[in-house]
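Next up, protein03.txt (compact mmCIF, C-alpha atoms and all ligand atoms):
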```
# COMPACT_ATOMS: atom_id res chain seq x y z
CA MET G 1 238.98 244.05 29.77
CA ILE G 2 242.11 243.33 31.85
CA VAL G 3 243.66 246.60 30.65
CA TYR G 4 240.49 248.45 31.63
CA GLN G 5 240.52 246.91 35.13
CA LEU G 6 244.22 247.69 35.58
CA LYS G 7 243.65 251.28 34.48
CA LYS G 8 240.80 251.59 36.99
CA TYR G 9 242.92 250.33 39.90
CA PHE G 10 245.87 252.45 38.86
CA LEU G 11 243.69 255.59 38.83
CA ARG G 12 242.26 254.75 42.25
CA ILE G 13 245.70 254.33 43.78
CA LEU G 14 246.90 257.50 42.06
CA GLY G 15 243.89 259.42 43.45
CA PHE G 16 244.64 258.16 46.95
CA ILE G 17 248.28 259.23 46.78
CA ILE G 18 247.37 262.62 45.33
CA LYS G 19 244.93 263.31 48.17
CA LYS G 20 247.52 262.39 50.75
CA LEU G 21 250.20 264.58 49.21
CA ASP G 22 247.95 267.63 48.95
CA TYR G 23 249.23 268.13 45.42
CA PRO G 24 246.38 270.52 44.46
CA LEU G 25 247.73 273.23 46.74
CA TYR G 26 251.12 272.91 45.11
CA LEU G 27 249.50 273.24 41.69
CA ALA G 28 247.39 276.21 42.81
CA LYS G 29 250.57 278.21 43.26
CA LYS G 30 251.57 277.36 39.69
CA ASN G 31 248.32 278.66 38.28
CA THR G 32 249.03 279.36 34.63
CA SER G 33 245.74 278.46 32.92
CA ASN G 34 243.52 281.21 31.56
CA LYS G 35 240.61 279.01 30.55
CA TRP G 36 239.06 279.05 34.03
CA LYS G 37 238.64 282.83 33.94
CA LYS G 38 235.81 282.34 31.41
CA LYS G 39 233.80 280.74 34.19
CA TYR G 40 233.50 283.91 36.27
CA GLY G 41 229.97 285.09 37.06
CA GLY G 42 226.84 283.21 36.01
CA GLU G 43 224.04 282.52 38.48
CA PHE G 44 226.55 280.98 40.91
CA ARG G 45 228.44 284.34 40.88
CA ILE G 46 231.67 282.39 40.56
CA GLY G 47 234.80 284.32 41.49
CA MET G 48 232.75 287.15 43.08
CA ASP G 49 232.65 288.20 46.73
CA ASP G 50 229.33 286.47 47.43
CA PRO G 51 229.14 283.30 45.33
CA VAL G 52 226.28 280.86 45.71
CA LEU G 53 227.51 277.71 47.44
CA SER G 54 226.51 274.22 46.39
CA ILE G 55 225.80 271.67 49.14
CA LEU G 56 225.50 268.01 48.13
CA PHE G 57 223.72 266.10 50.85
CA ASP G 58 224.01 262.29 50.81
CA ILE G 59 221.02 261.81 53.08
CA THR G 60 220.63 258.02 53.17
CA SER G 61 222.00 254.76 51.85
CA ARG G 62 218.62 253.04 52.19
CA CYS G 63 216.71 252.24 49.02
CA ASN G 64 213.55 250.52 47.86
CA TYR G 65 215.48 249.05 44.90
CA ASN G 66 218.33 246.56 44.82
CA CYS G 67 220.31 247.31 41.69
CA GLU G 68 223.34 245.09 41.20
CA TYR G 69 225.34 247.98 39.72
CA CYS G 70 224.73 250.47 42.55
CA SER G 71 227.27 251.12 45.28
CA SER G 72 224.43 251.63 47.79
CA SER G 73 222.73 248.40 46.79
CA GLN G 74 221.76 246.21 49.69
CA VAL G 75 222.30 243.13 47.51
CA ARG G 76 225.82 244.22 46.75
CA ASN G 77 226.60 245.22 50.30
CA LYS G 78 225.28 241.93 51.61
CA LYS G 79 227.65 240.10 49.27
CA ARG G 80 230.52 242.22 50.52
CA HIS G 81 229.34 241.83 54.15
CA ILE G 82 228.87 245.58 54.52
CA LEU G 83 226.02 246.86 56.62
CA ARG G 84 225.38 250.31 55.25
CA CYS G 85 221.78 251.19 55.91
CA ARG G 86 221.86 254.54 57.60
CA ASP G 87 220.12 257.84 57.19
CA ALA G 88 220.59 261.40 58.41
CA PHE G 89 217.65 261.30 60.80
CA GLN G 90 219.15 258.40 62.76
CA TYR G 91 221.93 260.80 63.76
CA TYR G 92 220.11 264.13 64.24
CA SER G 93 216.50 265.26 64.38
CA VAL G 94 214.83 267.06 61.46
CA GLU G 95 214.85 270.30 63.52
CA LYS G 96 218.60 270.11 64.08
CA TRP G 97 219.28 269.57 60.41
CA VAL G 98 217.02 272.46 59.34
CA GLU G 99 218.59 274.77 61.94
CA ALA G 100 222.10 273.90 60.69
CA PHE G 101 221.04 274.70 57.11
CA ARG G 102 219.50 277.98 58.30
CA LEU G 103 222.82 279.08 59.78
CA VAL G 104 224.85 278.76 56.56
CA GLU G 105 225.96 282.33 55.88
CA PHE G 106 225.95 282.21 52.09
CA GLU G 107 223.14 281.49 49.66
CA TYR G 108 223.33 277.95 48.32
CA THR G 109 221.76 275.29 46.17
CA LEU G 110 221.03 271.98 47.86
CA THR G 111 221.27 268.67 45.99
CA ILE G 112 219.86 265.73 47.94
CA SER G 113 220.70 262.19 46.93
CA GLY G 114 220.85 258.67 48.37
CA GLY G 115 219.84 255.73 48.27
CA GLU G 116 216.25 256.70 47.76
CA LEU G 117 215.16 259.78 49.72
CA PHE G 118 211.48 259.01 49.84
CA VAL G 119 212.05 255.84 51.92
CA LEU G 120 212.58 258.32 54.76
CA GLY G 121 208.84 259.12 54.70
CA GLU G 122 207.55 261.70 57.19
CA ASN G 123 211.04 262.82 58.27
CA PHE G 124 212.06 263.65 54.72
CA HIS G 125 208.76 265.39 54.12
CA ASN G 126 209.26 267.64 57.17
CA PHE G 127 212.91 268.24 56.33
CA LEU G 128 212.01 269.33 52.80
CA LYS G 129 209.33 271.69 54.09
CA GLY G 130 211.81 273.16 56.57
CA VAL G 131 214.67 273.80 54.14
CA ALA G 132 212.42 275.06 51.32
CA ALA G 133 211.21 277.79 53.67
CA LEU G 134 214.76 279.08 54.29
CA ASP G 135 215.72 282.31 52.50
CA ASN G 136 219.33 281.22 51.89
CA VAL G 137 218.22 278.12 49.92
CA LYS G 138 217.98 279.12 46.26
CA LEU G 139 217.17 275.75 44.68
CA ILE G 140 216.72 272.14 45.79
CA THR G 141 217.53 269.28 43.43
CA ILE G 142 216.22 265.88 44.42
CA CYS G 143 217.65 262.69 42.94
CA THR G 144 214.99 260.00 43.17
CA ASN G 145 213.74 256.88 41.40
CA GLY G 146 210.24 258.36 41.62
CA ALA G 147 208.50 255.19 42.77
CA LEU G 148 207.69 256.37 46.30
CA ILE G 149 206.81 260.03 45.83
CA THR G 150 203.20 259.05 45.50
CA LYS G 151 203.22 257.90 49.11
CA MET G 152 204.02 261.44 50.27
CA GLU G 153 201.18 263.73 51.19
CA GLN G 154 200.83 266.82 49.01
CA LEU G 155 203.67 269.25 49.69
CA ASP G 156 202.86 272.95 49.57
CA GLU G 157 203.59 275.13 46.58
CA LYS G 158 206.65 276.78 48.13
CA VAL G 159 208.44 273.41 48.28
CA ARG G 160 207.55 272.51 44.70
CA GLU G 161 208.50 275.95 43.38
CA LYS G 162 212.00 275.63 44.77
CA THR G 163 212.51 272.01 43.80
CA THR G 164 213.51 270.20 40.66
CA LEU G 165 213.55 266.42 40.34
CA MET G 166 216.13 264.25 38.62
CA VAL G 167 214.22 261.00 38.23
CA SER G 168 216.07 257.80 37.42
CA TYR G 169 214.50 254.99 35.45
CA HIS G 170 215.87 251.53 36.28
CA PRO G 171 214.26 249.04 33.89
CA THR G 172 215.77 246.19 35.95
CA GLN G 173 213.62 247.24 38.90
CA ILE G 174 210.31 248.52 37.57
CA SER G 175 208.08 247.74 34.60
CA LYS G 176 207.43 250.42 31.99
CA GLU G 177 203.74 250.53 32.93
CA SER G 178 204.38 250.98 36.66
CA TYR G 179 206.99 253.65 35.98
CA VAL G 180 204.63 255.68 33.78
CA GLU G 181 201.89 255.34 36.38
CA ALA G 182 204.21 256.66 39.11
CA ILE G 183 205.48 259.56 36.97
CA ASP G 184 201.93 260.54 35.92
CA ASP G 185 201.14 260.85 39.58
CA VAL G 186 204.32 262.87 40.28
CA CYS G 187 203.32 265.32 37.53
CA CYS G 188 199.73 265.57 38.77
CA ARG G 189 201.08 266.60 42.16
CA GLY G 190 202.80 269.56 40.53
CA TRP G 191 206.45 268.53 40.83
CA HIS G 192 208.88 269.87 38.27
CA ILE G 193 210.96 267.16 36.56
CA GLY G 194 214.27 268.52 35.23
CA MET G 195 215.54 265.32 33.67
CA PHE G 196 215.07 261.57 33.50
CA VAL G 197 218.10 259.30 33.79
CA TYR G 198 218.11 255.87 32.17
CA VAL G 199 220.20 253.55 34.37
CA MET G 200 220.57 250.14 32.82
CA GLU G 201 222.34 246.87 32.53
CA ALA G 202 224.24 246.09 29.35
CA ASN G 203 221.44 244.06 27.77
CA GLN G 204 219.03 246.99 28.13
CA VAL G 205 220.94 249.43 25.95
CA ASP G 206 218.74 248.61 22.96
CA GLN G 207 215.63 249.71 24.82
CA TYR G 208 216.99 253.19 25.41
CA GLU G 209 215.52 254.75 22.26
CA ASP G 210 212.03 253.42 23.03
CA ALA G 211 212.24 254.67 26.61
CA LYS G 212 213.40 258.07 25.41
CA LYS G 213 210.56 258.37 22.93
CA MET G 214 208.01 257.27 25.50
CA LEU G 215 209.16 259.76 28.17
CA THR G 216 209.86 262.68 25.84
CA ASP G 217 206.50 262.35 24.07
CA ARG G 218 204.57 262.03 27.30
CA TYR G 219 206.34 264.55 29.56
CA ALA G 220 208.51 266.68 27.21
CA VAL G 221 211.51 265.97 29.45
CA GLY G 222 214.85 264.58 28.21
CA LEU G 223 216.25 261.15 29.12
CA LEU G 224 219.96 260.97 29.87
CA ALA G 225 221.62 257.67 28.98
CA ASN G 226 223.66 256.89 32.05
CA PRO G 227 226.69 254.79 31.27
CA ASP G 228 228.61 255.42 34.48
CA VAL G 229 227.29 252.41 36.37
CA LYS G 230 230.01 250.47 38.07
CA ASN G 231 230.44 247.11 36.47
CA ASN G 232 232.51 245.45 33.81
CA CYS G 233 230.22 246.22 30.90
CA LYS G 234 230.95 249.91 30.98
CA GLN G 235 232.77 250.04 27.66
CA GLN G 236 229.91 248.24 25.95
CA LYS G 237 227.38 250.68 27.37
CA LEU G 238 229.48 253.65 26.40
CA LYS G 239 229.52 252.47 22.84
CA ALA G 240 225.77 252.51 22.79
CA CYS G 241 225.10 255.56 24.95
CA GLY G 242 227.86 257.62 23.39
CA LYS G 243 225.45 258.29 20.58
CA TYR G 244 223.25 260.35 22.87
CA ILE G 245 225.62 262.47 24.91
CA SER G 246 227.96 265.19 23.71
CA ARG G 247 231.56 264.39 22.86
CA LYS G 248 232.76 266.41 25.82
CA ASP G 249 230.52 264.50 28.21
CA LEU G 250 231.53 261.21 26.67
CA PHE G 251 235.15 262.17 27.21
CA GLN G 252 234.38 262.54 30.93
CA LYS G 253 232.31 259.38 31.12
CA VAL G 254 235.05 257.18 29.66
CA GLY G 255 237.31 258.27 32.47
CA SER G 256 239.55 260.86 30.81
CA THR G 257 241.72 262.39 33.44
CA THR G 258 240.75 265.64 35.16
CA PHE G 259 243.69 265.73 37.52
CA GLY G 260 245.31 269.18 37.72
CA LYS G 261 242.69 270.97 35.59
CA PHE G 262 241.18 274.05 37.20
CA CYS G 263 237.72 273.53 38.61
CA PHE G 264 235.37 275.76 40.59
CA PHE G 265 233.42 272.88 42.10
CA PRO G 266 235.71 272.50 45.14
CA ALA G 267 235.76 276.29 45.43
CA ILE G 268 232.00 276.58 45.94
CA ALA G 269 230.85 273.10 46.97
CA TYR G 270 230.64 271.05 50.13
CA GLU G 271 229.80 267.36 50.33
CA LEU G 272 227.74 266.51 53.39
CA SER G 273 227.24 262.99 54.74
CA ALA G 274 224.29 261.54 56.65
CA THR G 275 226.45 261.62 59.78
CA GLY G 276 226.67 265.44 59.61
CA ILE G 277 230.27 265.74 58.46
CA ALA G 278 230.98 268.15 55.59
CA TYR G 279 234.08 268.31 53.41
CA ARG G 280 235.10 270.79 50.72
CA GLY G 281 234.03 269.22 47.40
CA CYS G 282 236.30 266.50 46.02
CA THR G 283 239.27 267.41 48.20
CA GLY G 284 238.44 265.47 51.39
CA LYS G 285 239.77 268.56 53.18
CA GLY G 286 238.18 271.12 55.49
CA LYS G 287 236.35 268.57 57.64
CA THR G 288 233.49 270.39 59.41
CA ASN G 289 230.81 269.25 61.81
CA PHE G 290 227.91 270.71 59.87
CA ILE G 291 225.37 270.38 62.67
CA HIS G 292 227.42 272.43 65.11
CA ASN G 293 229.40 274.62 62.78
CA SER G 294 227.56 275.18 59.49
CA LYS G 295 228.36 278.89 59.81
CA SER G 296 231.96 278.13 58.95
CA LEU G 297 231.26 277.04 55.35
CA TYR G 298 232.80 279.50 52.91
CA PRO G 299 233.56 279.70 49.18
CA LEU G 300 236.95 280.29 47.57
CA LYS G 301 237.36 283.01 44.97
CA ARG G 302 239.72 280.99 42.82
CA PRO G 303 239.38 277.56 41.26
CA VAL G 304 241.15 274.52 42.66
CA PRO G 305 243.23 272.18 40.52
CA CYS G 306 241.28 268.93 40.34
CA PRO G 307 242.69 266.52 42.94
CA LEU G 308 241.10 263.41 41.41
CA PRO G 309 242.11 261.33 38.40
CA VAL G 310 238.59 261.11 36.92
CA CYS G 311 235.21 262.81 37.29
CA TYR G 312 231.99 261.20 36.07
CA CYS G 313 229.28 263.42 37.57
CA LEU G 314 227.88 266.05 35.21
CA ASN G 315 226.74 268.29 38.08
CA LYS G 316 230.36 268.44 39.21
CA TYR G 317 232.46 268.58 36.08
CA ALA G 318 230.20 271.39 34.82
CA PHE G 319 232.53 273.64 36.86
CA LEU G 320 235.68 272.42 35.17
CA GLU G 321 237.66 274.90 33.04
CA ASP G 322 236.93 272.81 29.91
CA PHE G 323 233.16 273.40 30.23
CA SER G 324 233.07 277.19 29.89
CA GLU G 325 229.44 277.11 28.69
CA ARG G 326 228.19 275.01 31.62
CA GLY G 327 227.86 275.72 35.35
CA ARG G 328 226.20 279.03 34.44
CA GLU G 329 222.72 278.27 35.80
CA LEU G 330 221.77 277.24 39.33
CA ASP G 331 219.60 274.50 37.86
CA LEU G 332 222.46 272.40 36.50
CA VAL G 333 220.14 269.57 35.50
CA GLY G 334 217.86 271.93 33.55
CA GLU G 335 220.89 273.58 31.96
CA TYR G 336 222.25 270.21 30.83
CA ALA G 337 218.85 269.05 29.56
CA LYS G 338 218.32 272.24 27.52
CA LYS G 339 221.75 272.18 25.90
CA GLU G 340 222.00 268.47 25.21
CA LYS G 341 218.45 267.39 24.45
CA ASN G 342 218.74 266.91 20.72
CA ILE G 343 222.10 265.21 20.54
CA VAL G 344 222.43 262.17 18.32
CA ASN G 345 226.06 261.53 17.32
CA GLU G 346 227.37 259.47 14.46
CA MET G 347 229.03 256.37 15.90
S1 LIG A 401 234.24 268.30 40.28
FE1 LIG A 401 235.28 266.75 39.08
S2 LIG A 401 236.66 267.92 37.80
FE2 LIG A 401 236.05 269.26 39.49
S3 LIG A 401 237.58 268.94 41.10
FE3 LIG A 401 235.95 267.53 41.50
S4 LIG A 401 236.59 265.62 40.52
FE4 LIG A 401 237.79 267.28 39.65
```
Would you kindly transcribe this structure into structure tokens?
Amino acid sequence: MIVYQLKKYFLRILGFIIKKLDYPLYLAKKNTSNKWKKKYGGEFRIGMDDPVLSILFDITSRCNYNCEYCSSSQVRNKKRHILRCRDAFQYYSVEKWVEAFRLVEFEYTLTISGGELFVLGENFHNFLKGVAALDNVKLITICTNGALITKMEQLDEKVREKTTLMVSYHPTQISKESYVEAIDDVCCRGWHIGMFVYVMEANQVDQYEDAKKMLTDRYAVGLLANPDVKNNCKQQKLKACGKYISRKDLFQKVGSTTFGKFCFFPAIAYELSATGIAYRGCTGKGKTNFIHNSKSLYPLKRPVPCPLPVCYCLNKYAFLEDFSERGRELDLVGEYAKKEKNIVNEM
């Protein structure tokens, strides 16, 4: 356990130094890998003149849950004396946000995460309607815990057609019965669920198989075992969840280093905060005021050597040179679910 903690702190410090030194640009000049060339094309049109961008919008840190293991958790922040309850609509109006998204000059997919988006109520509803109507938005992925969607009035078909949900299941926060009730309602309202994500504490690993059977039988949608929660039981969870994710994914989830490997995520992606500041994915570079200057977002034709020591997020590392078969479809969640749904490894 001590070794694991030391490794974690070492990687954090290393990541900080790497960012400061701008080492990726140095490595870019020494581009000798051929593996990344396999990633050209696909629905993101990677490496072409008009690639599809990916914008990841962290819209709020507010949430209806209080999970101990979550970095947005109000319980956790209270303990650390951090006041971090803010959302995008405290900074700019819905109209300003939608207008900024309209002005992006490339086509893009939009992934919206939090906190929990549906705590934003009417504002989020109007925002979603506004961006779904834009021609340059190809697909919207919403990361939600699903519990509050039922409070939203029916959204029109155009929104639902363009949207896929990644719905997390936190057994520490909601009973099985209430979760099923909420998801039944979500389905009745015509939303498309791309994938469920089982986010658990260490003592809930054993319930994963039951949860998977329940959700797969009822909704025919896969349940990803999510071991990348941030607490000390990670290794224990990996042991259990490793059975259900591919070896390559497990390799990422245990914190194998990605530093210096070629990746198209920073080349096509921007990470956008609730305050309206956008950065080129993972690099912390290219700071842009999205509200006033969203026109200036642009893709790179070549991949960027990964500037970070580790990468846990499957929607991001799908663009890494090692994953030549992933990052091909705009619906990254659907792509993952299709490819990985039947995995059961020997442990
Ligand atoms: S997406 Fe992951 S692998 Fe790619 S550059 Fe970012 S941290 Fe590295």
Checklist line | Close residues, G:Ser54 itself excluded, 7 Å, all atoms listed in the file, min 5 positions apart in chain, as a VMD selection string | finding: chain G and resid 108 to 110 268 to 270
With all atoms listed in the file counted, collect every polymer residue having an atom within 12 Å of ligand LIG 401 (chain A); state the result as a compact mmCIF listing (two decimals) with C-alpha atoms, in the frame of the given file.
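That gives us result_34.txt:
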```txt
# COMPACT_ATOMS: atom_id res chain seq x y z
CA GLY G 15 243.89 259.42 43.45
CA LYS G 19 244.93 263.31 48.17
CA PRO G 24 246.38 270.52 44.46
CA TRP G 36 239.06 279.05 34.03
CA SER G 54 226.51 274.22 46.39
CA LEU G 56 225.50 268.01 48.13
CA ASP G 249 230.52 264.50 28.21
CA GLN G 252 234.38 262.54 30.93
CA LYS G 253 232.31 259.38 31.12
CA GLY G 255 237.31 258.27 32.47
CA SER G 256 239.55 260.86 30.81
CA THR G 257 241.72 262.39 33.44
CA THR G 258 240.75 265.64 35.16
CA PHE G 259 243.69 265.73 37.52
CA GLY G 260 245.31 269.18 37.72
CA LYS G 261 242.69 270.97 35.59
CA PHE G 262 241.18 274.05 37.20
CA CYS G 263 237.72 273.53 38.61
CA PHE G 264 235.37 275.76 40.59
CA PHE G 265 233.42 272.88 42.10
CA PRO G 266 235.71 272.50 45.14
CA ALA G 267 235.76 276.29 45.43
CA ILE G 268 232.00 276.58 45.94
CA ALA G 269 230.85 273.10 46.97
CA TYR G 270 230.64 271.05 50.13
CA GLU G 271 229.80 267.36 50.33
CA ARG G 280 235.10 270.79 50.72
CA GLY G 281 234.03 269.22 47.40
CA CYS G 282 236.30 266.50 46.02
CA THR G 283 239.27 267.41 48.20
CA GLY G 284 238.44 265.47 51.39
CA PRO G 303 239.38 277.56 41.26
CA VAL G 304 241.15 274.52 42.66
CA PRO G 305 243.23 272.18 40.52
CA CYS G 306 241.28 268.93 40.34
CA PRO G 307 242.69 266.52 42.94
CA LEU G 308 241.10 263.41 41.41
CA PRO G 309 242.11 261.33 38.40
CA VAL G 310 238.59 261.11 36.92
CA CYS G 311 235.21 262.81 37.29
CA TYR G 312 231.99 261.20 36.07
CA CYS G 313 229.28 263.42 37.57
CA LEU G 314 227.88 266.05 35.21
CA ASN G 315 226.74 268.29 38.08
CA LYS G 316 230.36 268.44 39.21
CA TYR G 317 232.46 268.58 36.08
CA ALA G 318 230.20 271.39 34.82
CA PHE G 319 232.53 273.64 36.86
CA LEU G 320 235.68 272.42 35.17
CA GLU G 321 237.66 274.90 33.04
CA ASP G 322 236.93 272.81 29.91
CA PHE G 323 233.16 273.40 30.23
CA GLY G 327 227.86 275.72 35.35
```
Note to self: Env of G:Glu177: 12 Å cut, atoms = only C-alpha atoms, seq-sep filter 5 positions within chain, self excluded. Answer as a list of chain:residue names.
What the structure shows: G:Ala147, G:Tyr169, G:Pro171, G:Ala182, G:Ile183, G:Asp184, G:Ala211, G:Met214, G:Leu215
Check: Could you pull the residues within 7 Å of G:Ala278, counting all atoms listed in the file, minus those fewer than 3 positions along the same chain, as a list in words?
Finding: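 Near G:Ala278, the qualifying residues are Tyr270, Glu271, Leu272, Ser273, Lys287, Thr288, Asn289 and Phe290 of chain G.
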Item checked: One-decimal distance in Å that lies between atom CA of G:Gly114 and atom CA of G:Leu330 ->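 Taking atom CA of G:Leu330 as the start and atom CA of G:Gly114 as the end point, the length is 20.7 Å.
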Next item on the list: Between G:Val221, G:Leu250, G:Ile291, G:Leu297, single out the one closest to G:Val94, counting only C-alpha atoms.
Entry: G:Ile291
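Candidate residues G:Ala132, G:Asn66, G:Gly286, G:Ser61 were compared for distance to G:Tyr298, and the nearest is G:Gly286, using all atoms listed in the file.
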Check: atom CA of G:Val180 and atom CA of G:Ala220 are how many Å apart?
Finding: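 Separation between atom CA of G:Val180 and atom CA of G:Ala220: 13.4 Å.
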Note to self: Counting all atoms listed in the file, I want the residues whose atoms come within 12 Å of (210.3, 258.8, 52.9) in the file frame, returned as a PyMOL selection string.
What the structure shows: chain G and resi 59-60+62-64+87-89+114-128+144+146-153
Notebook entry, point to check: Any idea what the distance is between atom CA of G:Leu103 and atom CA of G:Glu157?
Noted result: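 It comes out at 23.7 Å.
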